[in-house]
Amino acid sequence: MAWVPPVDIYETAGHELVLKTELPDMTREDIDINIENFVLTVKGEKKVASDVKKEQFHHVERRYGSFARSFSLPQTVDPNRVSAEYKNGVLTVRLPLREEARPRSIKVDVAA
């Protein structure tokens with residue numbers, strides 16, 4: 001069975017999409033993030049600890065191996081301003097919306 005890390009995607013009041021995915025026991029070098037044609041792909045590999053041999057396991061529930069998740073992004077995302085942070089086993093990708101896609105208030109003048 002393939003390993004599929006869980007993902008949350010939400011929009012902030014600061015007009016950006018945020019993708020958070022749980023990637024425990026991985027390093028930054030194990031994770032690859034790519035955006036092409038408004039598709040965000042997160043892929044990587046979660047490896048079994050090298051200090052434990054397969055025959056030493058009594059019970060295994062955690063998943064290991066390669067994974068890839070792809071998400072279609074709206075055309076309003078600015079791919080040149082995307083940032084990512086990996087902390088405490090959680091990858092956070094911030095996808096700011098383009099300035100022209102943000103809501104604007106328009107002042108209405110009252111005619112006399």
# chains A, B, ... in the order shown; residues from 1 in each chain; ligands from 1
$ residues_around --residues "Asn80 of chain A" --least-positions-apart "5" --cutoff "12 Å" --atoms "only C-alpha atoms" --output "PDB file with all heavy atoms, in the first residue's frame"
ATOM      1  N   ASN A  34       7.536  21.484  -6.676  1.00  0.00           N
ATOM      2  CA  ASN A  34       7.637  21.999  -8.034  1.00  0.00           C
ATOM      3  C   ASN A  34       6.298  22.616  -8.441  1.00  0.00           C
ATOM      4  O   ASN A  34       5.246  22.092  -8.094  1.00  0.00           O
ATOM      5  CB  ASN A  34       8.005  20.843  -8.979  1.00  0.00           C
ATOM      6  CG  ASN A  34       8.283  21.306 -10.373  1.00  0.00           C
ATOM      7  OD1 ASN A  34       8.363  22.491 -10.668  1.00  0.00           O
ATOM      8  ND2 ASN A  34       8.421  20.352 -11.280  1.00  0.00           N
ATOM      9  N   ILE A  35       6.367  23.738  -9.162  1.00  0.00           N
ATOM     10  CA  ILE A  35       5.152  24.333  -9.747  1.00  0.00           C
ATOM     11  C   ILE A  35       5.381  24.474 -11.242  1.00  0.00           C
ATOM     12  O   ILE A  35       6.371  25.050 -11.670  1.00  0.00           O
ATOM     13  CB  ILE A  35       4.850  25.724  -9.150  1.00  0.00           C
ATOM     14  CG1 ILE A  35       4.528  25.609  -7.667  1.00  0.00           C
ATOM     15  CG2 ILE A  35       3.688  26.377  -9.896  1.00  0.00           C
ATOM     16  CD1 ILE A  35       4.235  26.927  -7.006  1.00  0.00           C
ATOM     17  N   GLU A  36       4.444  23.895 -11.999  1.00  0.00           N
ATOM     18  CA  GLU A  36       4.525  24.000 -13.452  1.00  0.00           C
ATOM     19  C   GLU A  36       3.106  24.053 -14.010  1.00  0.00           C
ATOM     20  O   GLU A  36       2.274  23.202 -13.672  1.00  0.00           O
ATOM     21  CB  GLU A  36       5.271  22.786 -14.029  1.00  0.00           C
ATOM     22  CG  GLU A  36       5.538  22.904 -15.499  1.00  0.00           C
ATOM     23  CD  GLU A  36       6.421  21.771 -16.012  1.00  0.00           C
ATOM     24  OE1 GLU A  36       7.080  21.102 -15.221  1.00  0.00           O
ATOM     25  OE2 GLU A  36       6.423  21.572 -17.237  1.00  0.00           O
ATOM     26  N   PHE A  38       0.601  25.937 -13.301  1.00  0.00           N
ATOM     27  CA  PHE A  38      -0.374  26.061 -12.213  1.00  0.00           C
ATOM     28  C   PHE A  38      -0.744  24.721 -11.589  1.00  0.00           C
ATOM     29  O   PHE A  38      -1.869  24.516 -11.139  1.00  0.00           O
ATOM     30  CB  PHE A  38      -1.616  26.835 -12.683  1.00  0.00           C
ATOM     31  CG  PHE A  38      -1.297  28.278 -12.952  1.00  0.00           C
ATOM     32  CD1 PHE A  38      -1.017  28.712 -14.243  1.00  0.00           C
ATOM     33  CD2 PHE A  38      -1.242  29.195 -11.925  1.00  0.00           C
ATOM     34  CE1 PHE A  38      -0.696  30.036 -14.493  1.00  0.00           C
ATOM     35  CE2 PHE A  38      -0.928  30.516 -12.162  1.00  0.00           C
ATOM     36  CZ  PHE A  38      -0.652  30.939 -13.451  1.00  0.00           C
ATOM     37  N   ARG A  94       3.337  28.415   1.095  1.00  0.00           N
ATOM     38  CA  ARG A  94       2.507  29.620   0.994  1.00  0.00           C
ATOM     39  C   ARG A  94       2.472  30.075  -0.465  1.00  0.00           C
ATOM     40  O   ARG A  94       3.511  30.247  -1.092  1.00  0.00           O
ATOM     41  CB  ARG A  94       3.064  30.722   1.882  1.00  0.00           C
ATOM     42  CG  ARG A  94       3.022  30.334   3.344  1.00  0.00           C
ATOM     43  CD  ARG A  94       3.347  31.492   4.275  1.00  0.00           C
ATOM     44  NE  ARG A  94       3.221  31.072   5.655  1.00  0.00           N
ATOM     45  CZ  ARG A  94       2.075  30.945   6.319  1.00  0.00           C
ATOM     46  NH1 ARG A  94       0.950  31.224   5.712  1.00  0.00           N
ATOM     47  NH2 ARG A  94       2.053  30.550   7.566  1.00  0.00           N
ATOM     48  N   LEU A  95       1.240  30.253  -0.969  1.00  0.00           N
ATOM     49  CA  LEU A  95       1.012  30.592  -2.373  1.00  0.00           C
ATOM     50  C   LEU A  95       0.251  31.910  -2.436  1.00  0.00           C
ATOM     51  O   LEU A  95      -0.991  31.922  -2.420  1.00  0.00           O
ATOM     52  CB  LEU A  95       0.205  29.485  -3.044  1.00  0.00           C
ATOM     53  CG  LEU A  95       0.835  28.085  -2.935  1.00  0.00           C
ATOM     54  CD1 LEU A  95      -0.195  27.053  -2.612  1.00  0.00           C
ATOM     55  CD2 LEU A  95       1.565  27.765  -4.200  1.00  0.00           C
ATOM     56  N   PRO A  96       0.964  33.040  -2.475  1.00  0.00           N
ATOM     57  CA  PRO A  96       0.284  34.343  -2.514  1.00  0.00           C
ATOM     58  C   PRO A  96      -0.531  34.517  -3.791  1.00  0.00           C
ATOM     59  O   PRO A  96      -0.169  34.027  -4.856  1.00  0.00           O
ATOM     60  CB  PRO A  96       1.434  35.355  -2.491  1.00  0.00           C
ATOM     61  CG  PRO A  96       2.630  34.595  -2.047  1.00  0.00           C
ATOM     62  CD  PRO A  96       2.409  33.175  -2.464  1.00  0.00           C
ATOM     63  N   LEU A  97      -1.653  35.217  -3.637  1.00  0.00           N
ATOM     64  CA  LEU A  97      -2.480  35.535  -4.801  1.00  0.00           C
ATOM     65  C   LEU A  97      -1.925  36.784  -5.473  1.00  0.00           C
ATOM     66  O   LEU A  97      -1.322  37.641  -4.822  1.00  0.00           O
ATOM     67  CB  LEU A  97      -3.924  35.764  -4.374  1.00  0.00           C
ATOM     68  CG  LEU A  97      -4.607  34.568  -3.711  1.00  0.00           C
ATOM     69  CD1 LEU A  97      -6.031  34.923  -3.318  1.00  0.00           C
ATOM     70  CD2 LEU A  97      -4.590  33.345  -4.610  1.00  0.00           C
ATOM     71  N   ARG A  98      -2.119  36.879  -6.780  1.00  0.00           N
ATOM     72  CA  ARG A  98      -1.667  38.060  -7.518  1.00  0.00           C
ATOM     73  C   ARG A  98      -2.399  39.290  -7.016  1.00  0.00           C
ATOM     74  O   ARG A  98      -3.553  39.214  -6.601  1.00  0.00           O
ATOM     75  CB  ARG A  98      -1.935  37.885  -9.009  1.00  0.00           C
ATOM     76  CG  ARG A  98      -1.118  36.794  -9.618  1.00  0.00           C
ATOM     77  CD  ARG A  98      -1.472  36.635 -11.061  1.00  0.00           C
ATOM     78  NE  ARG A  98      -0.761  35.452 -11.544  1.00  0.00           N
ATOM     79  CZ  ARG A  98      -0.455  35.243 -12.785  1.00  0.00           C
ATOM     80  NH1 ARG A  98      -0.803  36.109 -13.709  1.00  0.00           N
ATOM     81  NH2 ARG A  98       0.192  34.162 -13.139  1.00  0.00           N
TER      82      ARG A  98
END
$ select_by_dssp --residues "segment 60-110 of chain A" --states "helix (DSSP H, G or I)" --output "MDAnalysis selection string"
chainID A and resid 79:81 99:101
$ write_last_selection --atoms "N, CA and C atoms" --output "CSV table (one decimal), in the first residue's frame"
chain,number,residue,atom,x,y,z
A,79,PRO,N,3.0,32.4,-9.0
A,79,PRO,CA,4.0,31.4,-8.8
A,79,PRO,C,5.4,31.9,-8.5
A,80,ASN,N,5.7,33.2,-8.8
A,80,ASN,CA,7.0,33.8,-8.5
A,80,ASN,C,7.2,34.1,-7.0
A,81,ARG,N,6.2,34.1,-6.2
A,81,ARG,CA,6.3,34.5,-4.8
A,81,ARG,C,6.0,33.3,-3.9
A,99,GLU,N,-1.7,40.4,-7.1
A,99,GLU,CA,-2.3,41.7,-6.6
A,99,GLU,C,-3.6,42.0,-7.3
A,100,GLU,N,-3.7,41.7,-8.6
A,100,GLU,CA,-5.0,42.1,-9.3
A,100,GLU,C,-6.1,41.1,-9.0
A,101,ALA,N,-5.8,40.0,-8.3
A,101,ALA,CA,-6.8,39.0,-7.9
A,101,ALA,C,-7.4,39.3,-6.6
$ closest_residue --among "A:Val108, A:Leu19, A:Val39, A:Ala49" --to "Thr92 of chain A" --atoms "only C-alpha atoms"
A:Leu19
$ residues_around --residues "Ser70 of chain A" --least-positions-apart "2" --cutoff "12 Å" --atoms "only C-alpha atoms" --output "ChimeraX atom specification"
/A:4-5,7,19,32-43,67-68,72-73
$ write_last_selection --atoms "N, CA, C and O atoms" --output "PDB file, in the first residue's frame"
ATOM      1  N   VAL A   4       0.508   7.993   1.508  1.00  0.00           N
ATOM      2  CA  VAL A   4      -0.020   9.265   1.036  1.00  0.00           C
ATOM      3  C   VAL A   4      -0.126  10.196   2.248  1.00  0.00           C
ATOM      4  O   VAL A   4      -0.987   9.997   3.099  1.00  0.00           O
ATOM      5  N   PRO A   5       0.763  11.191   2.340  1.00  0.00           N
ATOM      6  CA  PRO A   5       0.692  12.091   3.491  1.00  0.00           C
ATOM      7  C   PRO A   5      -0.562  12.958   3.452  1.00  0.00           C
ATOM      8  O   PRO A   5      -0.984  13.392   2.385  1.00  0.00           O
ATOM      9  N   VAL A   7      -2.986  16.220   3.755  1.00  0.00           N
ATOM     10  CA  VAL A   7      -2.783  17.610   3.340  1.00  0.00           C
ATOM     11  C   VAL A   7      -4.013  18.447   3.705  1.00  0.00           C
ATOM     12  O   VAL A   7      -5.140  17.990   3.552  1.00  0.00           O
ATOM     13  N   LEU A  19      -0.804  25.486   1.934  1.00  0.00           N
ATOM     14  CA  LEU A  19      -0.871  24.033   1.889  1.00  0.00           C
ATOM     15  C   LEU A  19      -0.008  23.513   3.025  1.00  0.00           C
ATOM     16  O   LEU A  19       1.158  23.894   3.142  1.00  0.00           O
ATOM     17  N   ASP A  32      10.720  17.429  -2.351  1.00  0.00           N
ATOM     18  CA  ASP A  32      10.853  18.204  -3.587  1.00  0.00           C
ATOM     19  C   ASP A  32       9.517  18.879  -3.882  1.00  0.00           C
ATOM     20  O   ASP A  32       8.468  18.229  -3.858  1.00  0.00           O
ATOM     21  N   ILE A  33       9.567  20.195  -4.146  1.00  0.00           N
ATOM     22  CA  ILE A  33       8.367  20.966  -4.460  1.00  0.00           C
ATOM     23  C   ILE A  33       8.559  21.599  -5.832  1.00  0.00           C
ATOM     24  O   ILE A  33       9.599  22.184  -6.102  1.00  0.00           O
ATOM     25  N   ASN A  34       7.536  21.484  -6.676  1.00  0.00           N
ATOM     26  CA  ASN A  34       7.637  21.999  -8.034  1.00  0.00           C
ATOM     27  C   ASN A  34       6.298  22.616  -8.441  1.00  0.00           C
ATOM     28  O   ASN A  34       5.246  22.092  -8.094  1.00  0.00           O
ATOM     29  N   ILE A  35       6.367  23.738  -9.162  1.00  0.00           N
ATOM     30  CA  ILE A  35       5.152  24.333  -9.747  1.00  0.00           C
ATOM     31  C   ILE A  35       5.381  24.474 -11.242  1.00  0.00           C
ATOM     32  O   ILE A  35       6.371  25.050 -11.670  1.00  0.00           O
ATOM     33  N   GLU A  36       4.444  23.895 -11.999  1.00  0.00           N
ATOM     34  CA  GLU A  36       4.525  24.000 -13.452  1.00  0.00           C
ATOM     35  C   GLU A  36       3.106  24.053 -14.010  1.00  0.00           C
ATOM     36  O   GLU A  36       2.274  23.202 -13.672  1.00  0.00           O
ATOM     37  N   ASN A  37       2.834  25.056 -14.848  1.00  0.00           N
ATOM     38  CA  ASN A  37       1.514  25.234 -15.450  1.00  0.00           C
ATOM     39  C   ASN A  37       0.391  25.211 -14.407  1.00  0.00           C
ATOM     40  O   ASN A  37      -0.622  24.542 -14.582  1.00  0.00           O
ATOM     41  N   PHE A  38       0.601  25.937 -13.301  1.00  0.00           N
ATOM     42  CA  PHE A  38      -0.374  26.061 -12.213  1.00  0.00           C
ATOM     43  C   PHE A  38      -0.744  24.721 -11.589  1.00  0.00           C
ATOM     44  O   PHE A  38      -1.869  24.516 -11.139  1.00  0.00           O
ATOM     45  N   VAL A  39       0.217  23.803 -11.547  1.00  0.00           N
ATOM     46  CA  VAL A  39       0.072  22.546 -10.805  1.00  0.00           C
ATOM     47  C   VAL A  39       1.224  22.477  -9.812  1.00  0.00           C
ATOM     48  O   VAL A  39       2.400  22.540 -10.198  1.00  0.00           O
ATOM     49  N   LEU A  40       0.878  22.375  -8.518  1.00  0.00           N
ATOM     50  CA  LEU A  40       1.868  22.244  -7.459  1.00  0.00           C
ATOM     51  C   LEU A  40       2.056  20.764  -7.175  1.00  0.00           C
ATOM     52  O   LEU A  40       1.084  20.040  -6.949  1.00  0.00           O
ATOM     53  N   THR A  41       3.294  20.289  -7.218  1.00  0.00           N
ATOM     54  CA  THR A  41       3.604  18.896  -6.914  1.00  0.00           C
ATOM     55  C   THR A  41       4.564  18.842  -5.739  1.00  0.00           C
ATOM     56  O   THR A  41       5.590  19.516  -5.742  1.00  0.00           O
ATOM     57  N   VAL A  42       4.196  18.054  -4.742  1.00  0.00           N
ATOM     58  CA  VAL A  42       5.058  17.794  -3.588  1.00  0.00           C
ATOM     59  C   VAL A  42       5.379  16.315  -3.633  1.00  0.00           C
ATOM     60  O   VAL A  42       4.477  15.476  -3.693  1.00  0.00           O
ATOM     61  N   LYS A  43       6.664  15.995  -3.643  1.00  0.00           N
ATOM     62  CA  LYS A  43       7.043  14.581  -3.656  1.00  0.00           C
ATOM     63  C   LYS A  43       8.261  14.374  -2.776  1.00  0.00           C
ATOM     64  O   LYS A  43       8.963  15.326  -2.418  1.00  0.00           O
ATOM     65  N   PHE A  67       6.371   9.144  -2.284  1.00  0.00           N
ATOM     66  CA  PHE A  67       5.031   9.675  -2.456  1.00  0.00           C
ATOM     67  C   PHE A  67       5.099  10.841  -3.427  1.00  0.00           C
ATOM     68  O   PHE A  67       6.152  11.433  -3.652  1.00  0.00           O
ATOM     69  N   ALA A  68       3.972  11.166  -4.026  1.00  0.00           N
ATOM     70  CA  ALA A  68       3.831  12.360  -4.875  1.00  0.00           C
ATOM     71  C   ALA A  68       2.380  12.795  -4.791  1.00  0.00           C
ATOM     72  O   ALA A  68       1.474  11.979  -4.936  1.00  0.00           O
ATOM     73  N   SER A  72      -4.028  21.195  -8.474  1.00  0.00           N
ATOM     74  CA  SER A  72      -4.261  22.264  -9.446  1.00  0.00           C
ATOM     75  C   SER A  72      -4.429  23.569  -8.689  1.00  0.00           C
ATOM     76  O   SER A  72      -5.169  23.635  -7.708  1.00  0.00           O
ATOM     77  N   LEU A  73      -3.732  24.594  -9.145  1.00  0.00           N
ATOM     78  CA  LEU A  73      -3.798  25.904  -8.519  1.00  0.00           C
ATOM     79  C   LEU A  73      -4.645  26.847  -9.366  1.00  0.00           C
ATOM     80  O   LEU A  73      -4.650  26.736 -10.589  1.00  0.00           O
TER      81      LEU A  73
END
$ select_by_dssp --residues "chain A" --states "strand (DSSP E or B)" --output "count of residues only"
48
$ atom_distance --atom1 "atom CA of Glu29 of chain A" --atom2 "atom CA of Glu85 of chain A"
12.4 Å
$ residues_around --residues "segment 51-64 of chain A" --least-positions-apart "5" --cutoff "12 Å" --atoms "only C-alpha atoms" --output "PyMOL selection string"
chain A and resi 1-5+23-26+44-46
